[in-house]
Amino acid sequence: MSAGTGDGAPAAPARAASGVLAATCVSAFVVNANTSAVSILLPAISEDTGASLATLQWAVTGYSLVGAAVIVTSGALGDIFGRRRIFLYGLLLFVASCVLIALGNSGATVIAGRAIQGAAGSTILACGLSLLSAGSSGDAQMRAVSLWGAASAAGAAAGPLLGGVLVDVTGWQGLFWIDAGIAAACVPLTLRAVPESRDPSRPRSVDLAGTVLIAAVLVPFVFAVTEGAEWGWLSAPTLVCFVVSAASLVGFVLVEKRVRTPLIDLALLRNKILVGSSVAILVVAGCINAIMYICSLYFQNPDGLDMSPLEAGVATLPAAAGIVVTAPLITRFVDKVGARTVITGGFGVATVAFAVFGFVDASWEYTTFVVPLVVLAVGLGLANGPSSSVATACVTKEQVGAASGISNMGRYVGSAVLTAVTAALFGSVYTRHHASGTATADALAAGFSRAAIGLALFCAFGVALALLVGRFRPSGPPTAAHYAAAAAASSHTVPVRPVNGASDRSPGTAR
C-alpha cells in the first residue's frame with residue numbers, strides 16, 4: 001500500500017486537489033463515524049429484529065474481521081488498477097451495505113451488511129489516503145494529510161453521539177440512510193474532481209491467497225473464543241475452529257514466503273520496534289472498541305443504567321472523544337521523553353482504570369463511571385498516538401506503506417478479537433450468575449466487572465510490549481500533520497514521516 005508517499009505523478013491542479021480533499025475527508029468522516037456509532041445502535045437493532053445481543057456482536061466483529069483481511073489488498077488494488085477506481089468501488093459498496101442494513105429485518109442481514117461494510121470502509125480509507133498523497137506534494141501534501149487525519153478523528157469521536165441522536169429521531173436505520181446518502185454524493189464529486197493515479201513501478205500481482213488465508217485464520221479463531229464457553233472448550237467444534245485457524249496461519253506464512261508481492265513482508269516482522277508498536281496498536285484498538293461495546297449494552301439495559309440511546313451516546317463520549325483528543329496533545333511530549341516512556345505510562349494508566357471498573361456493582365450510578373472512563377481515554381490515548389507514529393518511523397522510506405498496512409491490519413484484528421473475547425466473557429459471567437439465582441442487575445454488573453478485569457490484563461501486557469519499542473524518539477518537533485496523524489490513530493495509522501531526515505533511518509534502529 002503506497003499511502004503516505006507519492007509515486008512520481010505530477011501535482012494536481014488546485015481545483016482537482018480541493019476535490020480530492022473534499023471527497024476523501026468527507027468519506028473518512030462518514031466511515032469512522034459509522035464505525036464508532038454502531039455499538040450504540042445494537043440494543044435498538046436487537047429490539048426491532050429479534051436477534052440477541054450476543055448474535056449482534058458479530059455486527060461489530062464481522063466488520064473488523066473483513067477490514068483486517070481487505071485493508072492491505074485494497075491499497076494494492078488501487079496502486080495497480082487506479083486509486084480513484086478502487087475508491088469509487090469502495091464508495092458504491094459502502095452505499096450498498098448501508099441500504100442492505102437499513103432495509104434488513106433480521107440480525108443476519110445486519111451482520112452481512114456490516115461485513116460488506118468492513119470491506120468498503122477499509123477500501124475507502126486506504127485508497128482515499130493514497131489519492132491524497134499522490135495528488136499533492138510538499139507542504140500541500142502535509143496540509144491535505146492533516147485535514148484527512150482531523151476528519152477521521154472527528155468522525156471517530158462524534159460517532160456515538162450522532163448514533164444516539166439518530167436512534168431517537170429517526171430510528172436506528174437513519175444512520176445508515178444518511179451515511180448512504182453522503183457516500184453516494186461523494187461518487188459524482190470523485191468522478192468530476194479526482195484525477196486517476198497509479199503506481200507504475202508496482203508489480204501487477206495481488207496476494208489474494210494471503211487475503212483469504214488471513215480471513216481463514218481470524219474467523220474460526222473468533223468463533224472459537226466467542227462460542228467456546230457454550231460449546232465447551234474441549235468440544236469438537238471448538239477444537240476444529242482452533243485447528244483450522246492454526247493450519248491457516250501456517251499456510252499464510254508459507255504463501256507469503258513464495259508470492260512475488262506478499263500481503264505482509266515477513267522480513268519486516270524481524271523489526272522488533274514495528275512488531276511491538278503494531279501489537280500495542282492491536283491492544284489499544286481492541287480495548288477501546290471492547291469497552292465501548294460493553295458500556296453501550298450496560299448503559300442502555302433496563303437493569304443497568306436504563307439510558308436512552310442518546311443518553312448512552314453522550315455517556316460514552318468521554319471514552320470515544322477522549323482518546324482522540326489525548327493523542328495529539330502529548331505528541332510534543334513524546335519528542336522530549338521518548339515513545340517507550342509514554343506508551344508504558346499510557347498502558348499503566350489504562351490498566352488502573354480497567355481495574356477500577358473491576359469493582360462495578362449494581363449500585364453504581366453514571367457519575368461513578370465518568371472518572372474511570374476519562375482516565376481510561378487518557379491512558380489509551382497516551383499509548384495509541386506514539387505507537388502509530390513509531391510504526392511508520394522505524395522503517396525506511398520505501399517501507400512506510402507496508403509498515404502502515406501491518407499496523408492497520410493489527411488495529412482491525414485487535415478490534416475484532418478483543419471485542420469478541422470481551423463480549424463472550426461478559427455474556428458467560430452474566431448467564432452463570434443469572435442462572436444461579438442472582439438478581440439481573442447484579443448479574444449484569446458482575447459481567448461488566450469480569451470483562452473489565454480481562455481488559456486490564458491485556459493492558460498490563462501492553463506495558464511489556466512497550467519494552468520492544470526501545471528508546472525511540474522523533475528527530476525533530478512535530479508538524480501539523482503529525483498532530484493530525486496522532487488524532488486519527490484511533491482509527492487509522494497515517495504514514496507521516498518524522499522530520500529532519502529520520503526517513504533514512506535503517507529498520508529496527510532507535511535513538
# chains A, B, ... in the order shown; residues from 1 in each chain; ligands from 1
>>> residues_around(residues="Val243 (chain A)", least_positions_apart="4", cutoff="10 Å", atoms="only C-alpha atoms", output="JSON, numbers by chain")
{"A": [217, 220, 221, 237, 238, 239, 247, 248, 249]}
>>> residues_around(residues="Tyr430 (chain A)", least_positions_apart="2", cutoff="9 Å", atoms="only C-alpha atoms", output="PyMOL selection string")
chain A and resi 425-428+432-435+440+442-448
>>> write_last_selection(atoms="C-alpha atoms", output="short mmCIF file (atom, residue, chain, number, x, y, z; two decimals), in the first residue's frame")
data_model
loop_
_atom_site.label_atom_id
_atom_site.label_comp_id
_atom_site.auth_asym_id
_atom_site.auth_seq_id
_atom_site.Cartn_x
_atom_site.Cartn_y
_atom_site.Cartn_z
CA LEU A 425 -16.78 -13.05 28.88
CA PHE A 426 -19.48 -10.51 29.68
CA GLY A 427 -22.21 -12.85 28.43
CA SER A 428 -20.93 -16.02 30.09
CA ARG A 432 -23.80 -18.06 35.02
CA HIS A 433 -24.76 -15.59 37.74
CA HIS A 434 -28.32 -15.22 36.48
CA ALA A 435 -28.79 -19.00 36.28
CA THR A 440 -30.41 -9.44 36.95
CA ASP A 442 -26.16 -7.85 39.97
CA ALA A 443 -25.51 -10.39 37.21
CA LEU A 444 -25.03 -7.59 34.67
CA ALA A 445 -22.63 -5.77 36.98
CA ALA A 446 -20.68 -9.00 37.51
CA GLY A 447 -20.39 -9.45 33.73
CA PHE A 448 -19.14 -5.89 33.32
#
>>> closest_residue(among="A:Leu465, A:Leu218, A:Val31, A:Ala353", to="Ala420 (chain A)", atoms="only C-alpha atoms")
A:Leu218
>>> residues_around(residues="region 282-295 of chain A", least_positions_apart="4", cutoff="9 Å", atoms="only C-alpha atoms", output="PyMOL selection string")
chain A and resi 36+38-40+57+60+277-278+299-300+312+315-316+319-320+323+347+376-377+380-381+383-384+407-423+426+448+451-452+455-456+458-459+461-462+490-491
>>> select_by_dssp(residues="region 228-420 of chain A", states="alpha helix (DSSP H)", output="NGL selection string")
:A and (228-231 or 236-258 or 272-300 or 309-315 or 317-329 or 331-337 or 339-357 or 366-393 or 400-420)
>>> atom_distance(atom1="CA of Pro195 (chain A)", atom2="CA of Leu125 (chain A)")
17.1 Å
>>> closest_residue(among="A:Asp168, A:Val99, A:Val390, A:Phe81", to="Asn271 (chain A)", atoms="only C-alpha atoms")
A:Val390
>>> closest_residue(among="A:Ile330, A:Lys257, A:Ser18, A:Ile281", to="Gln141 (chain A)", atoms="only C-alpha atoms")
A:Ser18
